[in-house]
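K.L.:
Before we start, here is the structure in question, set down as C-alpha cells.
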Amino acid sequence: MHDFLRNLPKVELHLHIEGSLEPELMFALAQRNHIDLPYASVQEAKDAYHFSDLQGFLNLYFQGMNVLRNEEDFYDLAMDYFKRARGEGVVHIDMHFDPQAHLQRGVPLEVVMAGLLKAKQEAEETLDLSIGMIMAFLRDRPADEALHVLEQAAPYWKMLDAVGLDSAEQNNPPAEFVEVFERAKQLGLVRVAHAGEEGPAEYIQQALDLLDVQRIDHGVRCLESDEVVERLRSEQTVLTVCPLSNVSLKVVEDLRDHPLPKLLAEGLKVTISSDDPAYFGGGMLTNHIACAEAFCWDETVFRQLTRNAIEEAFTTQERREELLARLAEV
Ligand code: HPA
Ligand SMILES: [Zn+2]
C-alpha cells in the first residue's frame, strides 16, 4: 500500500505555503536575516507544535513566517516545499498565500509575489509539478483591508487562479466578505473559502450563497446540516479535507473518528490535502498513509480521491488529462 500511495500522482488542492516552513529552514532564514527566534533549537520549535485549537496554531504560524523578509526567502520557502512534495509523488499543488500577513510586517506584495512566482516557474520547468496560486484574505482582519489588497494586486490578477478566505473562522462569517468576493468575481477570479473547519455548517452555506465559491476548504462540519450535505452533493462541490490538520487542531480527537468515511458515503466530492505540513505532522504522503491505516481504505478509494482532485485542480485541461492518464497507469 505504501508503494502504491507514493506512486499515486497526488494533487494537493489545499496548502498554505507559509505553513510549509519547516523549523530547519526557519532557523536558516532567521540567521540570514539576523532575526531572533523564540526557540533555542529546531527541536524546541518542533516541541512547541502542539495545539488546542485553530487560534493556537495561527499564533505560531504568524510568528514563524516573521523570518520571511526578502524575495529570496519566499523563493526558498516555496522551492523547499515543492521539492519535498515532488519527492512524495505530488504532481500538482494549489498554493494559498497570505499577503496581509506579510504587508502587516512591512513586506511588500511585490516581494512576496516575485519570490513565489519564480519558484512556481522553476518548479513547472524542472520538477514536473504544476502550481496554482490562491491569494487568500485573512477573515479576522477588516474586509476593507482585503478589498484594498485585491486592488493592490492588479499587476498580478492574471497570474492568480483564485482568491481564498482563511485564518480564524469562528465569529468571522463569509457574509462579511461579500463585497470583496463580488469584486473578485467581476475581475473573473475564481473564489474558494475555508468553511466548516471550526465554524458551523451555516458558514458553508454562506460561502456558497454569498461568496459564490467553487470549492470549500475543509467543510467537515457540513455533516451537521442535511440541507448543506444535499447541496454539496447535488452540486458536487469539492471539499479539500485535511485529515492530519483536523487532528492537530482538535477538530476531531483521533483520526479514526474523522468524518472522511461518512463524507464519502454521502457521495460528496472529497479530496485530501496537508494544509500546513510543517506544523501538522507531515505532507501528502503522510496524510494518505495515515488515512489508509485509520480507515482501512483500499486502492479504489485513493484512486477516486485523486481523480476528484485532478478534475478540480487549477491547471490547464491538457495537464488534467495528462494527470488522469498517469493515474490510470498506477
Ligand atoms: O487550517 C487553517 N485554517 C484557517 N486558516 C489557516 N491558515 C493557515 N492554515 C489554516
Ligand atoms: Zn487551510
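Labels used: A, B, ... for chains in the order of the C-alpha cells, numbers from 1 for residues in each chain, and numbers from 1 for ligands as shown.
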Would you list the residues that come within 7 Å of ligand 2? Count only C-alpha atoms and all ligand atoms and give the answer as number ranges by chain.
P.N.:
A: 14-16, 166, 194, 217, 275
K.L.:
Output C-alpha atoms for every residue in the selection just made, as a short mmCIF file (atom, residue, chain, number, x, y, z; two decimals), in the first residue's frame.
P.N.:
data_model
loop_
_atom_site.label_atom_id
_atom_site.label_comp_id
_atom_site.auth_asym_id
_atom_site.auth_seq_id
_atom_site.Cartn_x
_atom_site.Cartn_y
_atom_site.Cartn_z
CA HIS A 14 -5.24 22.95 -0.06
CA LEU A 15 -1.79 24.03 1.04
CA HIS A 16 -0.71 27.24 2.78
CA ASP A 166 -8.61 31.75 5.69
CA HIS A 194 -12.32 27.87 4.25
CA ASP A 217 -11.71 24.26 2.08
CA ASP A 275 -2.96 22.26 4.86
#
K.L.:
Name all residues at most 9 Å from Asp98 in chain A (count only C-alpha atoms; drop same-chain ones fewer than 6 positions away) and give them as a ChimeraX atom specification.
P.N.:
/A:16-18,134-138,166
K.L.:
Quick one: which chain A residues come within 10 Å of ligand 1, and what is the nearest atom pair for each with the distance in Å to one decimal, counting only C-alpha atoms and all ligand atoms, rows ordered by chain and ascending number, as a tab-separated table?
P.N.:
residue	atom	partner	partner_atom_place_in_ligand_line	distance
A:His14	CA	ligand 1	1 (O)	9.2
A:Leu15	CA	ligand 1	9 (N)	7.9
A:His16	CA	ligand 1	8 (C)	5.6
A:Ile17	CA	ligand 1	8 (C)	8.6
A:Glu18	CA	ligand 1	8 (C)	7.6
A:Gly19	CA	ligand 1	8 (C)	6.3
A:Ser20	CA	ligand 1	8 (C)	9.8
A:Asp53	CA	ligand 1	1 (O)	9.9
A:Leu54	CA	ligand 1	3 (N)	6.5
A:Gln55	CA	ligand 1	4 (C)	8.7
A:Phe57	CA	ligand 1	9 (N)	8.1
A:Leu58	CA	ligand 1	7 (N)	6.7
A:Tyr61	CA	ligand 1	8 (C)	7.3
A:Phe62	CA	ligand 1	8 (C)	9.0
A:His96	CA	ligand 1	8 (C)	8.4
A:Phe97	CA	ligand 1	8 (C)	8.7
A:Asp98	CA	ligand 1	7 (N)	8.1
A:Ala136	CA	ligand 1	7 (N)	8.9
A:Phe137	CA	ligand 1	5 (N)	9.6
A:Leu138	CA	ligand 1	5 (N)	7.8
A:Arg139	CA	ligand 1	5 (N)	8.7
A:Asp140	CA	ligand 1	5 (N)	9.8
A:Leu165	CA	ligand 1	5 (N)	7.8
A:Asp166	CA	ligand 1	5 (N)	4.1
A:Ser167	CA	ligand 1	5 (N)	3.3
A:Ala168	CA	ligand 1	4 (C)	5.8
A:Glu169	CA	ligand 1	4 (C)	6.7
A:Ala193	CA	ligand 1	4 (C)	9.5
A:His194	CA	ligand 1	4 (C)	6.5
A:Ala195	CA	ligand 1	4 (C)	8.6
A:Gly196	CA	ligand 1	3 (N)	9.9
A:Glu197	CA	ligand 1	3 (N)	7.1
A:Glu198	CA	ligand 1	3 (N)	8.4
A:Asp217	CA	ligand 1	3 (N)	8.5
A:His218	CA	ligand 1	1 (O)	8.1
A:Cys242	CA	ligand 1	1 (O)	8.1
A:Ser245	CA	ligand 1	1 (O)	6.6
A:Asn246	CA	ligand 1	1 (O)	8.0
A:Ser248	CA	ligand 1	1 (O)	9.7
A:Leu249	CA	ligand 1	1 (O)	8.1
A:Ser274	CA	ligand 1	1 (O)	9.2
A:Asp275	CA	ligand 1	1 (O)	5.9
A:Asp276	CA	ligand 1	9 (N)	5.8
A:Pro277	CA	ligand 1	9 (N)	9.6
A:Tyr279	CA	ligand 1	9 (N)	9.4
A:Phe280	CA	ligand 1	1 (O)	9.5
K.L.:
Which of these residues is nearest to Leu147 in chain A, using only C-alpha atoms: A:Arg183, A:Arg233, A:Arg307, A:Lys269?
P.N.:
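Comparing A:Arg183, A:Arg233, A:Arg307, A:Lys269 against Leu147 in chain A, the winner is A:Arg183.
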K.L.:
Would you please work out which residue, of A:Ala175, A:Glu224, A:Pro9, A:Asp73, is nearest to Ala325 in chain A when using only C-alpha atoms?
P.N.:
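Among the listed residues, A:Pro9 lies closest to Ala325 in chain A.
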K.L.:
Find the spatial neighbours of range 290-302 of chain A, counting only C-alpha atoms, within a cut-off of 6 Å - ignore same-chain residues fewer than 3 positions away - and output them as a compact mmCIF listing (two decimals) with N, CA and C atoms, in the first residue's frame.
P.N.:
# COMPACT_ATOMS: atom_id res chain seq x y z
N ARG A 256 -9.25 8.14 13.61
CA ARG A 256 -10.28 7.10 13.42
C ARG A 256 -11.70 7.64 13.63
N ASN A 287 -0.26 12.03 5.06
CA ASN A 287 -1.72 12.11 5.20
C ASN A 287 -2.39 10.89 4.56
N LEU A 305 -10.34 9.57 -4.83
CA LEU A 305 -9.96 10.85 -4.22
C LEU A 305 -9.00 11.62 -5.13
K.L.:
Per DSSP on the backbone, what are the helix (DSSP H, G or I) residues of range 24-203 of chain A, as a PyMOL selection string?
P.N.:
chain A and resi 24-32+42-48+54-67+71-87+99-103+109-126+143-152+154-159+174-186+201-203
K.L.:
Kindly give the distance, in Å, that separates CA of Met95 in chain A and CA of Gly199 in chain A, rounded to a single decimal.
P.N.:
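Rounded to one decimal, the two atoms are 22.2 Å apart.
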K.L.:
I want to know what sits within 10 Å of Gly267 in chain A, based on only C-alpha atoms, with residues of the same chain fewer than 2 positions away left out; could you give that as a list in words?
P.N.:
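My list of contacting residues is Val229, Glu230, Leu232, Arg233, Ser234, Gln236, Lys262, Leu263, Leu264, Ala265, Lys269 and Val270 of chain A.
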K.L.:
Export C-alpha atoms of the chosen residues as a PDB file, in the first residue's frame?
P.N.:
ATOM      1  CA  VAL A 229     -24.861  17.998   2.614  1.00  0.00           C
ATOM      2  CA  GLU A 230     -27.583  17.746  -0.029  1.00  0.00           C
ATOM      3  CA  LEU A 232     -22.766  19.885  -1.727  1.00  0.00           C
ATOM      4  CA  ARG A 233     -23.766  16.505  -3.148  1.00  0.00           C
ATOM      5  CA  SER A 234     -26.088  17.810  -5.838  1.00  0.00           C
ATOM      6  CA  GLN A 236     -20.612  18.119  -6.473  1.00  0.00           C
ATOM      7  CA  LYS A 262     -19.026   9.481   6.213  1.00  0.00           C
ATOM      8  CA  LEU A 263     -18.372  12.307   3.725  1.00  0.00           C
ATOM      9  CA  LEU A 264     -17.559   9.701   1.061  1.00  0.00           C
ATOM     10  CA  ALA A 265     -20.612   7.611   1.957  1.00  0.00           C
ATOM     11  CA  LYS A 269     -16.606  15.189  -3.864  1.00  0.00           C
ATOM     12  CA  VAL A 270     -13.848  14.704  -1.308  1.00  0.00           C
TER      13      VAL A 270
END
